[in-house]
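Visitor: Below: one structure in structure tokens.
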Amino acid sequence: MTKRAGTRGRLPLVLVVPAVLGLAFLVVPLAGLLVRAPWPTLFDQLSSPAVGQALGLSLLCASLATVICLFFGVPLAWLLARGDVPGRGLLRALVTVPLVLPPVVGGVALLLVLGRRGLIGSYLDSWFGLSLPFTTTGVVIAEAFVAMPFLVISVEGALRAADPRFEEAAATLGASRWLTFRRVTLPTILPGIVAGTVLCWARALGEFGATITFAGNFPGKTTTMPLAVYLALETDPDAAIVLSIVLLLVSVVVLASLRDRWISGAT
């Protein structure tokens with residue numbers, strides 16, 4: 001107790017000054033949004049057709065992308081955490097590539113695979129007449145591609161932290177692996193799934209690069225909030241500020257909702 005109190009005592013000035021400057025570097029631009037916001041016309045801006053379309057489309061696409069990520073991401077996280085498969089380290093690296101890959105590159109990759117002349121998209125077009133790029137479905141796919149790693153990493157971490165003895169006990173009682181997963185594993189890792197889902201949804205909501213590359217920018221069809229911000233900067237700066245504030249508030253809510261989990265994980 002004494003050592004901890006000593007380490008949290010008086011801080012050296014050589015560390016405090018750059019720390020404060022770094023904090024200001026991160027916070028002041030965000031505060032600038034609030035200072036320059038058109039507060040008298042804020043609700044009018046939010047109720048405008050263009051902003052309403054972008055908001056509705058963003059919420060819909062981000063939610064659908066999150067559902068896709070849950071359906072595929074939870075089993076994938078289980079495979080990486082518990083599966084005895086060769087090359088698991090390489091698989092984990094491939095799963096996390098979209099985290100560091102420029103989103104525009106991800107959009108180009110999706111276009112080359114799922115486009116009308118893509119590796120898979122050509123067959124979808126010729127066999128089923130299905131074209132994914134530059135559609136609302138394309139927005140969902142692009143958002144799921146960049147957001148799924150957040151869910152997988154969170155759930156895999158929860159699986160690795162979970163005590164496997166409960167699953168072993170269920171197995172000794174005759175429970176199948178699927179029953180054990182549903183009744184024992186899932187309730188144990190539920191906080192990790194919730195945290196990953198929230199992060200995944202927030203990342204999908206803020207996706208820009210892969211979306212504009214793979215799905216384009218068509219109002220009411222593929223123009224999500226980040227794309228609307230980009231367009232509004234040239235024609236209606238007030239609308240751009242309003243949309244930016246909405247995205248900022250979503251980010252703050254997400255971080256605040258995960259704060260207790262991060263603190264408990266650090267202690």
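Each chain in the structure tokens gets a letter, A, B and so on, in the order shown; residues start at 1 in every chain, and ligands are counted from 1 in the order they appear.
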Do a neighbour search on A:Leu199 at 10 Å with only C-alpha atoms, toss out local chain neighbours closer than 3 positions, and write the hits as a ChimeraX atom specification.
Guide: /A:66,147-151,154,193-196,202-205,251,254-255,258
Visitor: Give me the residues near A:Leu130 as an MDAnalysis selection string, where near means some atom within 12 Å (using only C-alpha atoms) and where sequence neighbours in that chain fewer than 3 positions away do not count.
Guide: chainID A and resid 114:117 120:127 133:135 137:138
Visitor: Would you please give, as a tab-separated table (two decimals) with C-alpha atoms, in the first residue's frame, all residues of stretch 214-251 of chain A that DSSP assigns to alpha helix (DSSP H) based on the backbone?
Guide:
```tsv
chain	number	residue	atom	x	y	z
A	214	PHE	CA	-16.61	-1.06	-52.54
A	225	MET	CA	-22.79	9.06	-41.94
A	226	PRO	CA	-19.00	9.16	-42.50
A	227	LEU	CA	-19.57	9.54	-46.25
A	228	ALA	CA	-22.20	12.21	-45.61
A	229	VAL	CA	-19.69	14.11	-43.47
A	230	TYR	CA	-17.18	13.99	-46.31
A	231	LEU	CA	-19.73	15.31	-48.82
A	232	ALA	CA	-21.20	17.95	-46.51
A	233	LEU	CA	-17.80	19.54	-45.86
A	234	GLU	CA	-17.91	20.96	-49.39
A	235	THR	CA	-21.57	22.02	-49.55
A	237	PRO	CA	-20.36	22.54	-43.24
A	238	ASP	CA	-23.03	22.82	-40.53
A	239	ALA	CA	-24.47	19.44	-41.52
A	240	ALA	CA	-20.96	17.98	-41.50
A	241	ILE	CA	-20.44	19.25	-37.95
A	242	VAL	CA	-23.78	17.85	-36.80
A	243	LEU	CA	-23.04	14.40	-38.23
A	244	SER	CA	-19.56	14.50	-36.73
A	245	ILE	CA	-21.04	15.27	-33.31
A	246	VAL	CA	-23.40	12.32	-33.61
A	247	LEU	CA	-20.48	10.01	-34.39
A	248	LEU	CA	-18.50	11.55	-31.54
A	249	LEU	CA	-21.33	10.95	-29.07
A	250	VAL	CA	-21.61	7.33	-30.20
A	251	SER	CA	-17.90	6.85	-29.64
```
Visitor: Do you have the atom CA of A:Ala93-atom CA of A:Leu80 distance handy?
Guide: 10.5 Å
Visitor: Give the answer as one residue: which of A:Ser131, A:Gln45, A:Ser58, A:Thr96 has the shortest atom-to-atom distance to A:Gly206, using only C-alpha atoms?
Guide: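 The shortest atom-to-atom distance to A:Gly206 comes from A:Ser58.
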Visitor: For atom CA of A:Cys200 and atom CA of A:Pro29, quote the distance in Å rounded to one decimal.
Guide: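 Answer for the atom CA of A:Cys200 to atom CA of A:Pro29 separation: 24.5 Å.
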Visitor: Between A:Ala162, A:Leu13, A:Val140, A:Ala65, single out the one closest to A:Leu190, counting only C-alpha atoms.
Guide: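 Closest residue, counting only C-alpha atoms: A:Ala162.
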Visitor: Tell me which of A:Ala161, A:Val27, A:Ala144, A:Val17 sits closest to A:Phe71, counting only C-alpha atoms.
Guide: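 Among the listed residues, the smallest separation from A:Phe71 belongs to A:Ala144.
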Visitor: Name the residues in contact with A:Val152 at a cut-off of 9 Å, using only C-alpha atoms, excluding same-chain residues fewer than 5 positions from it; report them as number ranges by chain.
Guide: A: 69-70, 73-78, 80, 95-96, 157, 193, 196
Visitor: Would you kindly return, as a PyMOL selection string, each protein, DNA or RNA residue with an atom no farther than 9 Å from any atom of A:Thr223, considering only C-alpha atoms and excluding same-chain residues fewer than 5 positions away?
Guide: chain A and resi 53-54+57-58+136+139+211-212+215-218+228
Visitor: Grab the residues selected above and save them as a compact mmCIF listing (two decimals), in the first residue's frame with N, CA and C atoms.
Guide:
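For reference, out-v9.txt as written:
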```
# COMPACT_ATOMS: atom_id res chain seq x y z
N GLN A 53 -31.53 10.34 -43.74
CA GLN A 53 -31.20 9.18 -44.56
C GLN A 53 -29.87 8.57 -44.16
N ALA A 54 -28.87 9.44 -43.96
CA ALA A 54 -27.55 8.93 -43.59
C ALA A 54 -27.57 8.26 -42.23
N LEU A 57 -29.57 4.86 -42.55
CA LEU A 57 -28.80 3.87 -43.30
C LEU A 57 -27.60 3.39 -42.49
N SER A 58 -26.95 4.30 -41.80
CA SER A 58 -25.78 3.91 -40.99
C SER A 58 -26.18 2.97 -39.87
N THR A 136 -26.56 -1.35 -51.06
CA THR A 136 -26.64 -1.32 -49.60
C THR A 136 -26.04 -2.59 -49.00
N VAL A 139 -22.45 -2.15 -48.62
CA VAL A 139 -22.08 -1.39 -47.42
C VAL A 139 -21.97 -2.32 -46.22
N THR A 211 -16.02 1.31 -47.44
CA THR A 211 -17.39 1.54 -47.90
C THR A 211 -17.41 2.34 -49.19
N ILE A 212 -16.68 3.45 -49.24
CA ILE A 212 -16.72 4.30 -50.42
C ILE A 212 -16.05 3.62 -51.61
N ALA A 215 -18.68 0.13 -52.05
CA ALA A 215 -20.12 0.38 -52.20
C ALA A 215 -20.43 1.72 -52.86
N GLY A 216 -19.44 2.60 -52.98
CA GLY A 216 -19.69 3.88 -53.60
C GLY A 216 -20.40 4.85 -52.68
N ASN A 217 -20.90 5.92 -53.27
CA ASN A 217 -21.52 6.98 -52.49
C ASN A 217 -22.79 7.45 -53.19
N PHE A 218 -23.88 6.74 -52.94
CA PHE A 218 -25.16 7.05 -53.56
C PHE A 218 -26.16 7.41 -52.46
N ALA A 228 -21.43 10.97 -45.59
CA ALA A 228 -22.20 12.21 -45.61
C ALA A 228 -21.39 13.36 -45.03
```
Visitor: What gap, in Å, lies between atom CA of A:Ala37 and atom CA of A:Val253?
Guide: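 For atom CA of A:Ala37 relative to atom CA of A:Val253, the distance reads 19.1 Å.
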Visitor: Using only C-alpha atoms, find the one residue out of A:Leu26, A:Val14, A:Ala50, A:Ala171 that sits nearest to A:Asp236.
Guide: A:Ala50
Visitor: What's the 12 Å shell around A:Arg165, counting only C-alpha atoms, without same-chain residues fewer than 4 positions away, as a list in words?
Guide: Ala161, Ala169, Ala170, Ala171, Thr172, Thr180, Val184, Thr185 and Thr188 of chain A
Visitor: Hey, which of A:Ser176, A:Thr224, A:Ser257, A:Thr41 ends up closest to A:Glu143? Count only C-alpha atoms.
Guide: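 The answer is A:Thr224, which sits nearest to A:Glu143.
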